[in-house]
Amino acid sequence: MKQKQVKVDIKEIRFGPQTDEHDYQFKLKHAQEFLTEGNKVRAYVFFRGRSILFKEQGEVLLLRFANDLEEYAKVEQLPKLDGKKMFLYLAPKKAGVAKKSQQKMDREKREAEAKDAVATDKPVDENSGLLANAKISDEAMRKLKSAADNE
């Protein structure tokens, strides 16, 4: 039985209350790698000095982090302030059970539709795209259509 045991490590990711977007994305990518390897992740916001005034900002940052990782992990413990650190614990989801969020499925559907539209070379429609808002005379529109038909 001891041979079949899997040792789960806890990897830590540290944020400041005003972590910039690039740093956030960089740490998010590392957390995804940790979770796909099967490790747990403990993300925390470290407050220094008077930055403890930004508790709400730190909590929002951790909740956003948990939301961005919902495909890879489930939340074990919601953000909790312990001294000068606010912790969030994430555990990896099972390998074959990763579900996509509704937003991601909608985005992939839109991308697939756009790709199909490009692949089938749909004719220029006056009610869609850039021409929908353009103020083009009827004569110019006919020329555009005839040019599209000739191609």
# chains A, B, ... in the order shown; residues from 1 in each chain; ligands from 1
call {"tool": "residues_around", "arguments": {"residues": "Pro79 in chain A", "least_positions_apart": "3", "cutoff": "9 Å", "atoms": "only C-alpha atoms", "output": "short mmCIF file (atom, residue, chain, number, x, y, z; two decimals) with all heavy atoms, in the first residue's frame"}}
result
data_model
loop_
_atom_site.label_atom_id
_atom_site.label_comp_id
_atom_site.auth_asym_id
_atom_site.auth_seq_id
_atom_site.Cartn_x
_atom_site.Cartn_y
_atom_site.Cartn_z
N TYR A 44 -1.38 33.30 -1.53
CA TYR A 44 -1.62 34.23 -0.43
C TYR A 44 -1.20 35.64 -0.81
O TYR A 44 -0.33 35.85 -1.64
CB TYR A 44 -0.94 33.78 0.86
CG TYR A 44 0.56 33.79 0.85
CD1 TYR A 44 1.28 34.88 1.33
CD2 TYR A 44 1.28 32.69 0.40
CE1 TYR A 44 2.66 34.88 1.34
CE2 TYR A 44 2.66 32.68 0.42
CZ TYR A 44 3.34 33.78 0.89
OH TYR A 44 4.71 33.78 0.89
N GLY A 58 -7.10 42.57 -1.64
CA GLY A 58 -6.44 41.27 -1.61
C GLY A 58 -7.42 40.13 -1.77
O GLY A 58 -7.16 39.15 -2.47
N GLU A 59 -8.59 40.27 -1.15
CA GLU A 59 -9.61 39.23 -1.26
C GLU A 59 -10.13 39.14 -2.69
O GLU A 59 -10.31 38.04 -3.23
CB GLU A 59 -10.76 39.50 -0.30
CG GLU A 59 -11.77 38.39 -0.25
CD GLU A 59 -12.83 38.60 0.80
OE1 GLU A 59 -12.81 39.65 1.49
OE2 GLU A 59 -13.69 37.72 0.94
N LEU A 62 -7.58 37.29 -4.82
CA LEU A 62 -7.58 35.84 -4.62
C LEU A 62 -8.82 35.18 -5.22
O LEU A 62 -8.74 34.09 -5.79
CB LEU A 62 -7.48 35.51 -3.13
CG LEU A 62 -6.12 35.79 -2.49
CD1 LEU A 62 -6.18 35.52 -0.99
CD2 LEU A 62 -5.03 34.97 -3.13
N LEU A 63 -9.97 35.84 -5.12
CA LEU A 63 -11.19 35.28 -5.72
C LEU A 63 -11.08 35.26 -7.24
O LEU A 63 -11.53 34.32 -7.89
CB LEU A 63 -12.41 36.08 -5.27
CG LEU A 63 -12.79 35.89 -3.80
CD1 LEU A 63 -13.90 36.85 -3.41
CD2 LEU A 63 -13.17 34.47 -3.51
N MET A 86 -3.36 36.68 3.73
CA MET A 86 -4.69 36.17 3.40
C MET A 86 -4.48 34.97 2.50
O MET A 86 -3.90 35.09 1.42
CB MET A 86 -5.52 37.24 2.70
CG MET A 86 -6.94 36.81 2.43
SD MET A 86 -7.94 38.11 1.72
CE MET A 86 -8.21 39.15 3.12
N PHE A 87 -4.95 33.80 2.93
CA PHE A 87 -4.68 32.54 2.24
C PHE A 87 -5.88 32.06 1.44
O PHE A 87 -7.03 32.29 1.81
CB PHE A 87 -4.33 31.45 3.25
CG PHE A 87 -3.02 31.66 3.93
CD1 PHE A 87 -2.96 32.21 5.19
CD2 PHE A 87 -1.84 31.32 3.30
CE1 PHE A 87 -1.75 32.41 5.83
CE2 PHE A 87 -0.62 31.51 3.93
CZ PHE A 87 -0.58 32.07 5.20
N LEU A 88 -5.57 31.35 0.34
CA LEU A 88 -6.56 30.65 -0.47
C LEU A 88 -5.95 29.31 -0.84
O LEU A 88 -4.81 29.26 -1.33
CB LEU A 88 -6.87 31.45 -1.75
CG LEU A 88 -7.69 30.74 -2.81
CD1 LEU A 88 -9.15 30.72 -2.40
CD2 LEU A 88 -7.55 31.43 -4.14
N TYR A 89 -6.67 28.23 -0.59
CA TYR A 89 -6.17 26.89 -0.89
C TYR A 89 -6.90 26.31 -2.08
O TYR A 89 -8.13 26.34 -2.13
CB TYR A 89 -6.33 25.96 0.31
CG TYR A 89 -5.39 26.29 1.44
CD1 TYR A 89 -5.76 27.18 2.46
CD2 TYR A 89 -4.13 25.72 1.50
CE1 TYR A 89 -4.89 27.49 3.49
CE2 TYR A 89 -3.26 26.02 2.53
CZ TYR A 89 -3.64 26.91 3.51
OH TYR A 89 -2.78 27.21 4.53
#
call {"tool": "residues_around", "arguments": {"residues": "Gly38 in chain A", "least_positions_apart": "6", "cutoff": "10 Å", "atoms": "only C-alpha atoms", "output": "ChimeraX atom specification"}}
result
/A:6-10,32,72-73,91-95
call {"tool": "write_last_selection", "arguments": {"atoms": "N, CA, C and O atoms", "output": "PDB file, in the first residue's frame"}}
result
ATOM      1  N   VAL A   6       0.602   8.492  -3.180  1.00  0.00           N
ATOM      2  CA  VAL A   6       1.096   9.618  -3.961  1.00  0.00           C
ATOM      3  C   VAL A   6       1.326  10.776  -3.017  1.00  0.00           C
ATOM      4  O   VAL A   6       0.431  11.153  -2.252  1.00  0.00           O
ATOM      5  N   LYS A   7       2.521  11.334  -3.067  1.00  0.00           N
ATOM      6  CA  LYS A   7       2.839  12.455  -2.204  1.00  0.00           C
ATOM      7  C   LYS A   7       2.373  13.732  -2.892  1.00  0.00           C
ATOM      8  O   LYS A   7       2.785  14.030  -4.004  1.00  0.00           O
ATOM      9  N   VAL A   8       1.500  14.458  -2.230  1.00  0.00           N
ATOM     10  CA  VAL A   8       0.983  15.698  -2.783  1.00  0.00           C
ATOM     11  C   VAL A   8       1.731  16.862  -2.133  1.00  0.00           C
ATOM     12  O   VAL A   8       1.692  17.021  -0.912  1.00  0.00           O
ATOM     13  N   ASP A   9       2.408  17.641  -2.954  1.00  0.00           N
ATOM     14  CA  ASP A   9       3.113  18.809  -2.451  1.00  0.00           C
ATOM     15  C   ASP A   9       2.192  20.012  -2.467  1.00  0.00           C
ATOM     16  O   ASP A   9       1.248  20.074  -3.252  1.00  0.00           O
ATOM     17  N   ILE A  10       2.473  20.965  -1.606  1.00  0.00           N
ATOM     18  CA  ILE A  10       1.739  22.227  -1.609  1.00  0.00           C
ATOM     19  C   ILE A  10       2.689  23.299  -2.110  1.00  0.00           C
ATOM     20  O   ILE A  10       3.724  23.562  -1.497  1.00  0.00           O
ATOM     21  N   GLN A  32      -1.213  27.014 -12.875  1.00  0.00           N
ATOM     22  CA  GLN A  32      -1.798  26.015 -13.776  1.00  0.00           C
ATOM     23  C   GLN A  32      -0.855  24.831 -13.931  1.00  0.00           C
ATOM     24  O   GLN A  32      -1.284  23.677 -13.927  1.00  0.00           O
ATOM     25  N   TYR A  72      -8.963  24.002 -13.673  1.00  0.00           N
ATOM     26  CA  TYR A  72      -7.875  23.154 -13.212  1.00  0.00           C
ATOM     27  C   TYR A  72      -8.019  22.737 -11.750  1.00  0.00           C
ATOM     28  O   TYR A  72      -7.455  21.728 -11.344  1.00  0.00           O
ATOM     29  N   ALA A  73      -8.728  23.544 -10.955  1.00  0.00           N
ATOM     30  CA  ALA A  73      -8.734  23.304  -9.513  1.00  0.00           C
ATOM     31  C   ALA A  73     -10.089  23.595  -8.900  1.00  0.00           C
ATOM     32  O   ALA A  73     -10.927  24.271  -9.488  1.00  0.00           O
ATOM     33  N   ALA A  91      -7.081  22.799  -4.722  1.00  0.00           N
ATOM     34  CA  ALA A  91      -6.693  21.410  -4.951  1.00  0.00           C
ATOM     35  C   ALA A  91      -6.961  21.071  -6.411  1.00  0.00           C
ATOM     36  O   ALA A  91      -7.933  21.555  -6.989  1.00  0.00           O
ATOM     37  N   PRO A  92      -6.108  20.253  -7.031  1.00  0.00           N
ATOM     38  CA  PRO A  92      -6.321  19.914  -8.446  1.00  0.00           C
ATOM     39  C   PRO A  92      -7.575  19.073  -8.632  1.00  0.00           C
ATOM     40  O   PRO A  92      -7.936  18.272  -7.775  1.00  0.00           O
ATOM     41  N   LYS A  93      -8.237  19.287  -9.759  1.00  0.00           N
ATOM     42  CA  LYS A  93      -9.387  18.450 -10.111  1.00  0.00           C
ATOM     43  C   LYS A  93      -8.862  17.131 -10.650  1.00  0.00           C
ATOM     44  O   LYS A  93      -7.706  17.008 -11.031  1.00  0.00           O
ATOM     45  N   LYS A  94      -9.718  16.154 -10.715  1.00  0.00           N
ATOM     46  CA  LYS A  94      -9.332  14.865 -11.289  1.00  0.00           C
ATOM     47  C   LYS A  94      -8.970  15.048 -12.749  1.00  0.00           C
ATOM     48  O   LYS A  94      -9.519  15.903 -13.439  1.00  0.00           O
ATOM     49  N   ALA A  95      -8.098  14.218 -13.256  1.00  0.00           N
ATOM     50  CA  ALA A  95      -7.558  14.386 -14.606  1.00  0.00           C
ATOM     51  C   ALA A  95      -8.628  14.359 -15.687  1.00  0.00           C
ATOM     52  O   ALA A  95      -8.656  15.221 -16.548  1.00  0.00           O
TER      53      ALA A  95
END
call {"tool": "residues_around", "arguments": {"residues": "Val41 in chain A", "least_positions_apart": "4", "cutoff": "8 Å", "atoms": "only C-alpha atoms", "output": "MDAnalysis selection string"}}
result
chainID A and resid 10:13 31 34:35 89:91
call {"tool": "closest_residue", "arguments": {"among": "A:Leu81, A:Val75, A:Val118, A:Ala66", "to": "Ile52 in chain A", "atoms": "only C-alpha atoms"}}
result
A:Leu81
